[in-house]
Structures are given as C-alpha cells and as structure tokens.
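What follows is one structure encoded as structure tokens, with my remarks underneath.
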Amino acid sequence: MDQSTLLYSGFALLAVTALTCYTALVLLSPSPRTEHPSEKFYLAHETSKPLPLGTLSEPAAVDLSVVIPAYNETTRLPDMLASTLSHLSSQAAHGRTSEVLIVDDGSTDGTAELALTLAKKHSDADIRIVRLLRNAGKGGAVRHGMLHARGRRMLMVDADGASRFEDLELLWAEMDRIAPNDGPAVVVGSRAHLVKTEAVVKRSLVRNVLMYGLHTLLRVVGVGHVRDTQCGFKLFSRAAAARIFPAQHLATWIFDVELLLLAQQARVPVAEVPVAWHEVSGSKLNVFTDSLQMLRDLLILRANHLLGRWAVAPPPPAANGVATNGGALRARK
C-alpha cells in the first residue's frame with residue numbers, strides 16, 4: 001500500500017468519524033421545549049377559570065417575579081411559600097410589587113391543588129399556578145416560568161426552602177450595583193463560602209466528591225469563574241432573561257450551567273453573592289444516575305456551543321435601531 005493510499009484512507013476515516021460524532025450530537029441534543037396551549041394559562045385563587053399568562057416580550061408589570069419549579073412538593077412547598085410571602089410583605093422588601101409563579105412540573109402528588117389552596121390562604125398575594133402536562137425537568141419548569149414572568153427582575157428559587165429567602169436583598173443590592181438602569185445582568189446566590197463549614201461537611205461523602213468533580217468539569221466547560229453554578233437562587237434582570245431563556249435547551253439538573261454559558265456568550269455581567277443555605281431532606285436528585293446524565297449533558301452543551309449550534313438569542317431591535325450589546329435598549333439622544 002503506497003503513501004497516497006494511506007493518506008486517503010486516513011482522511012476518509014477522519015471524515016467518517018467526524019460525521020458519526022456530529023450525527024450523534026444532533027441526535028442526542030434536545031430541542032427547546034414546545035409549550036402545550038393549555039400551559040399558556042394559569043390558575044389563581046380569585047377565579048376557577050384559567051387566565052392567560054404574560055410573555056417575556058411584554059413590558060414589565062411588577063417589580064419582581066418569583067419563579068418556583070415544583071415537582072411533587074406537597075411536603076416542602078407550604079413552609080417555603082410562607083417564608084417567601086412573609087419577606088415580600090415585610091418592610092425589608094421596600095414596597096416592591098411582586099408575583100409568585102409556581103410551575104407544577106407534571107406532579108403526581110397533588111402539588112398544583114395544594115398550591116391553589118395555599119393561594120387562597122394567602123389571598124393578598126399574587127400567586128399564579130401553572131401546570132405542565134408532563135414532567136419537563138427542573139430546567140424546563142424554570143424556563144417556562146421565566147418566559148411568562150411579568151417582573152422587572154426575576155428570581156428563580158427552589159421549592160425546598162434551602163436558601164434563606166431574605167437574602168434576596170443581597171442579590172437585589174448587587175444587581176443595583178452592576179445594572180443600575182435595568183440593563184442585562186445576572187446575580188447568582190453562592191454557597192461557595194460554606195465549603196468548609198458544617199452545612200457542607202455533614203453532607204454525604206459521595207455528594208461532596210461529586211461536587212468537587214463537577215467543579216473540575218465546569219472549568220473545562222468554561223464557567224469556572226462562577227464558584228457555585230448549581231445554587232437554586234438566581235436573580236435575572238428582564239433584559240438578561242430575554243436574551244438567555246429563549247435560547248435554553250437543557251431541562252435537566254445541569255441547566256444552570258447552560259444559563260451561565262449563554263450569559264457569558266451574550267456578554268451579560270454575572271455577579272456571585274454569598275447566601276445562607278441549609279440542606280433539606282427530600283431531594284429528587286439520584287446521585288449516580290443524575291451524575292452520569294450531568295456528564296453527558298455537559299459534553300453535549302460544550303460541543304453545541306463550540307460548533308455554534310446553540311447560541312444566545314439576538315438582542316431585541318430598538319425602534320431607532322440602537323440596542324446595547326446585552327439586549328437592553330438605549331434611546332438615541
């Protein structure tokens with residue numbers, strides 16, 4: 001076999017391997033979730049008739065939207081919601097207008113029915129319950145809530161109550177600092193300061209090993225600058241959400257990483273603020289199977305971004321044709 005034949009065979013093998021890998025990537029990559037028509041409505045305490053949700057493309061109608069993804073959360077949701085509403089109605093919230101969107105992610109334990117009962121109990125608050133027909137994953141539920149939130153700023157927060165809700169004020173103050181004019185910005189609640197404290201040391205050995213392994217992988221993926229990507233306590237400006245969430249593909253546990261990658265791609269400033277946190281029993285995370293899924297999804301995520309298949313949403317056009325690079329509109333004087 002001469003040299004030219006060997007070179008041809010080598011190139012052919014590389015081409016077949018590249019084509020096979022690309023085909024596998026396309027087949028394994030999820031598309032953004034398509035909404036069912038009924039999921040564009042919400043339930044509220046004041047009426048038995050479903051009401052239409054707002055959309056992210058509309059102007060903000062309240063100061064804050066609190067988006068709570070909930071899957072089989074009848075045990076943990078009542079206390080979490082009570083602490084949330086207690087803070088929102090306190091002087092510490094500075095009289096902000098707010099709404100709470102509870103996104104029932106295809107629960108089978110009556111979470112939506114309980115949420116509606118809680119909404120009637122707290123009738124002075126604007127609580128909206130959205131029901132997804134099928135389980136979409138935590139990331140899918142958060143994305144759905146964000147796409148229909150009406151807030152000038154939007155907080156995603158876990159239903160377990162592990163984060164102290166009062167620390168919203170720390171995130172709010174930091175967003176005031178990095179985006180004083182409601183420009184695009186993300187502020188991430190962080191548990192990194194707790195790594196050597198009792199709150200983390202008392203976690204299982206397997207969870208801590210996986211935590212350090214994940215942090216190593218995140219440096220490879222490109223978000224190693226954020227020390228805690230997975231804390232379920234993140235604040236988005238409306239301008240940032242409009243760039244990030246329409247482009248979100250992943251609905252699994254690693255979706256937070258995709259949000260931060262999209263923010264980085266859109267040049268949206270991201271700040272990290274220490275928050276109080278404690279572990280709450282009842283986690284839906286399966287340490288072994290979900291860790292393998294996280295590894296797979298990280299590889300899919302990185303490959304799609306490197307190849308340009310997944311990209312951030314373009315900034316909305318301004319009436320006068322001028323927009324900031326983060327998507328917030330700036331009028332020409």
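We label chains A, B, ... in the order they appear in the structure tokens, count residues from 1 in each chain, and number ligands from 1 in the order shown.
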
Polymer residues at most 12 Å from A:Val26, only C-alpha atoms, same-chain spacing of 2 or more positions, as a PyMOL selection string | chain A and resi 19-24+28-31+300-301+303-304+307+309-310

Could those residues be written to a file, using C-alpha atoms, as a PDB file, in the first residue's frame?
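Okay, again_26.pdb is ready:
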```pdb
ATOM      1  CA  LEU A  19     -19.603  12.760  10.567  1.00  0.00           C
ATOM      2  CA  THR A  20     -20.547   9.988  13.018  1.00  0.00           C
ATOM      3  CA  CYS A  21     -19.787  12.198  16.046  1.00  0.00           C
ATOM      4  CA  TYR A  22     -21.733  15.111  14.568  1.00  0.00           C
ATOM      5  CA  THR A  23     -24.718  12.877  13.799  1.00  0.00           C
ATOM      6  CA  ALA A  24     -24.624  11.508  17.357  1.00  0.00           C
ATOM      7  CA  LEU A  28     -28.598  13.463  21.458  1.00  0.00           C
ATOM      8  CA  SER A  29     -29.162  17.226  21.597  1.00  0.00           C
ATOM      9  CA  PRO A  30     -32.598  18.241  22.898  1.00  0.00           C
ATOM     10  CA  SER A  31     -34.615  20.957  21.199  1.00  0.00           C
ATOM     11  CA  ILE A 300     -23.418  17.918  24.654  1.00  0.00           C
ATOM     12  CA  LEU A 301     -23.614  21.511  25.899  1.00  0.00           C
ATOM     13  CA  ALA A 303     -19.948  20.632  21.818  1.00  0.00           C
ATOM     14  CA  ASN A 304     -23.029  22.534  20.672  1.00  0.00           C
ATOM     15  CA  LEU A 307     -19.853  24.326  16.929  1.00  0.00           C
ATOM     16  CA  ARG A 309     -25.356  25.101  17.021  1.00  0.00           C
ATOM     17  CA  TRP A 310     -26.633  26.625  20.253  1.00  0.00           C
TER      18      TRP A 310
END
```

Determine, counting only C-alpha atoms, which protein, DNA and RNA residues have an atom within 12 Å of an atom of A:His94; residues of the same chain fewer than 3 positions away are not included. Present the result as number ranges by chain.
-> A: 63-64, 87-91, 97-98, 168-169, 172-173

Only all heavy atoms, please: the residues just picked out, written as a short mmCIF file (atom, residue, chain, number, x, y, z; two decimals), in the first residue's frame.
```cif
data_model
loop_
_atom_site.label_atom_id
_atom_site.label_comp_id
_atom_site.auth_asym_id
_atom_site.auth_seq_id
_atom_site.Cartn_x
_atom_site.Cartn_y
_atom_site.Cartn_z
N ASP A 63 -42.47 44.63 39.93
CA ASP A 63 -41.04 44.77 40.20
C ASP A 63 -40.32 43.43 40.21
O ASP A 63 -39.19 43.32 39.74
CB ASP A 63 -40.82 45.46 41.55
CG ASP A 63 -41.28 46.90 41.54
OD1 ASP A 63 -41.05 47.58 40.52
OD2 ASP A 63 -41.90 47.33 42.53
N LEU A 64 -40.99 42.40 40.75
CA LEU A 64 -40.32 41.11 40.94
C LEU A 64 -41.24 39.95 40.62
O LEU A 64 -42.40 39.93 41.05
CB LEU A 64 -39.86 40.98 42.40
CG LEU A 64 -39.28 39.62 42.81
CD1 LEU A 64 -37.95 39.36 42.11
CD2 LEU A 64 -39.11 39.54 44.33
N HIS A 87 -41.50 37.56 53.63
CA HIS A 87 -40.49 38.56 53.28
C HIS A 87 -41.03 39.59 52.28
O HIS A 87 -40.78 40.79 52.42
CB HIS A 87 -39.24 37.90 52.71
CG HIS A 87 -38.19 38.90 52.30
ND1 HIS A 87 -37.42 39.56 53.23
CD2 HIS A 87 -37.83 39.37 51.08
CE1 HIS A 87 -36.62 40.41 52.60
NE2 HIS A 87 -36.85 40.31 51.29
N LEU A 88 -41.75 39.11 51.29
CA LEU A 88 -42.26 40.01 50.25
C LEU A 88 -43.21 41.06 50.82
O LEU A 88 -43.36 42.14 50.24
CB LEU A 88 -42.95 39.21 49.14
CG LEU A 88 -42.04 38.32 48.29
CD1 LEU A 88 -42.86 37.55 47.27
CD2 LEU A 88 -40.96 39.14 47.59
N SER A 89 -43.86 40.73 51.93
CA SER A 89 -44.79 41.68 52.54
C SER A 89 -44.16 42.49 53.66
O SER A 89 -44.82 43.32 54.29
CB SER A 89 -46.02 40.94 53.09
OG SER A 89 -45.63 40.01 54.10
N SER A 90 -42.89 42.27 53.92
CA SER A 90 -42.22 42.96 55.02
C SER A 90 -41.63 44.29 54.55
O SER A 90 -41.52 44.57 53.36
CB SER A 90 -41.09 42.09 55.58
OG SER A 90 -40.04 41.99 54.64
N GLN A 91 -41.21 45.10 55.50
CA GLN A 91 -40.59 46.39 55.19
C GLN A 91 -39.27 46.20 54.46
O GLN A 91 -38.85 47.06 53.67
CB GLN A 91 -40.37 47.19 56.47
CG GLN A 91 -41.65 47.70 57.11
CD GLN A 91 -41.38 48.60 58.31
OE1 GLN A 91 -40.25 48.71 58.77
NE2 GLN A 91 -42.42 49.25 58.81
N THR A 97 -43.72 45.68 44.19
CA THR A 97 -44.82 44.85 43.69
C THR A 97 -44.23 43.52 43.22
O THR A 97 -43.10 43.48 42.72
CB THR A 97 -45.56 45.54 42.54
OG1 THR A 97 -44.62 45.88 41.51
CG2 THR A 97 -46.26 46.79 43.03
N SER A 98 -45.00 42.45 43.39
CA SER A 98 -44.44 41.13 43.07
C SER A 98 -45.52 40.16 42.66
O SER A 98 -46.72 40.37 42.91
CB SER A 98 -43.67 40.58 44.28
OG SER A 98 -44.56 40.41 45.39
N LEU A 168 -32.56 37.55 49.26
CA LEU A 168 -32.92 38.25 48.03
C LEU A 168 -32.39 39.68 48.06
O LEU A 168 -31.97 40.21 47.02
CB LEU A 168 -34.45 38.27 47.87
CG LEU A 168 -35.03 39.27 46.86
CD1 LEU A 168 -34.61 38.90 45.44
CD2 LEU A 168 -36.55 39.35 46.97
N GLU A 169 -32.41 40.31 49.23
CA GLU A 169 -31.96 41.70 49.33
C GLU A 169 -30.49 41.85 48.99
O GLU A 169 -30.06 42.88 48.45
CB GLU A 169 -32.25 42.24 50.73
CG GLU A 169 -33.72 42.22 51.12
CD GLU A 169 -34.62 42.83 50.06
OE1 GLU A 169 -34.27 43.91 49.53
OE2 GLU A 169 -35.67 42.22 49.74
N TRP A 172 -30.42 41.67 45.22
CA TRP A 172 -31.02 42.89 44.67
C TRP A 172 -30.03 44.05 44.73
O TRP A 172 -29.87 44.80 43.75
CB TRP A 172 -32.28 43.22 45.45
CG TRP A 172 -33.18 44.19 44.76
CD1 TRP A 172 -33.06 45.57 44.73
CD2 TRP A 172 -34.33 43.89 43.97
NE1 TRP A 172 -34.06 46.12 43.98
CE2 TRP A 172 -34.87 45.11 43.50
CE3 TRP A 172 -34.98 42.70 43.62
CZ2 TRP A 172 -36.01 45.19 42.69
CZ3 TRP A 172 -36.12 42.77 42.82
CH2 TRP A 172 -36.62 43.99 42.36
N ALA A 173 -29.35 44.18 45.85
CA ALA A 173 -28.38 45.27 46.00
C ALA A 173 -27.23 45.11 45.01
O ALA A 173 -26.74 46.10 44.44
CB ALA A 173 -27.85 45.31 47.43
#
```

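Interatomic distance, atom CA of A:Pro78 against atom CA of A:Ala115: 8.1 Å.
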
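Across the model, the gap from atom CA of A:Asp256 to atom CA of A:Asp297 is 11.6 Å.
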
Residue with the minimum atom-to-atom distance to A:Glu113, picked from A:Leu171, A:Leu235, A:Leu77, A:Leu25 with only C-alpha atoms counted, is A:Leu77

Just give me the gap between atom CA of A:Ser291 and atom CA of A:Gln230 in Å, one decimal is fine.
-> 13.1 Å

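Candidate residues A:Ala162, A:Leu51, A:His278, A:Ser123 were compared for distance to A:Glu39, and the nearest is A:Leu51, using only C-alpha atoms.
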
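Ranking A:Leu116, A:Val312, A:Ala240, A:Leu147 by their shortest atom-to-atom distance to A:Ser57, with only C-alpha atoms included, puts A:Leu147 first.
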
Please return as a ChimeraX atom specification: the residues of stretch 77-275 of chain A that backbone DSSP assigns to strand (DSSP E).
-> /A:98-104,127-131,151-157,186-190,233-237,270-274

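For A:Leu53, the residues within 7 Å (counting only C-alpha atoms, excluding itself and residues fewer than 5 positions away along the chain) are Lys40, Phe41, Tyr42 and His148 of chain A.
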
I need the chosen residues saved as a PDB file, in the first residue's frame, with C-alpha atoms.
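Once everything was written out, this is result25.pdb:
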```
ATOM      1  CA  LYS A  40     -50.079  29.372  28.486  1.00  0.00           C
ATOM      2  CA  PHE A  41     -52.711  29.844  31.194  1.00  0.00           C
ATOM      3  CA  TYR A  42     -52.544  29.966  34.981  1.00  0.00           C
ATOM      4  CA  HIS A 148     -44.126  34.064  31.185  1.00  0.00           C
TER       5      HIS A 148
END
```

Restrict the calculation to only C-alpha atoms, then for each residue of stretch 99-160 of chain A with any atom at most 7 Å from an atom of stretch 246-255 of chain A give the closest atom pair and their distance in Å to one decimal, rows by chain and rising residue number, as JSON lines.
```
{"residue": "A:Ala136", "atom": "CA", "partner": "A:Ala251", "partner_atom": "CA", "distance": 6.6}
{"residue": "A:Gly137", "atom": "CA", "partner": "A:Ala251", "partner_atom": "CA", "distance": 5.2}
{"residue": "A:Lys138", "atom": "CA", "partner": "A:Ala251", "partner_atom": "CA", "distance": 6.1}
{"residue": "A:Gly139", "atom": "CA", "partner": "A:Ala251", "partner_atom": "CA", "distance": 3.8}
{"residue": "A:Gly140", "atom": "CA", "partner": "A:Ala251", "partner_atom": "CA", "distance": 4.4}
```

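Minimum atom-to-atom distance to A:Thr75, evaluated using only C-alpha atoms, belongs to A:Asp109 out of A:Ala61, A:Leu13, A:Met154, A:Asp109.
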
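Compared by their closest atoms to A:Ala44, and using only C-alpha atoms, the residues A:Glu174, A:Asp124, A:Asp158, A:Asp228 rank with A:Asp124 nearest.
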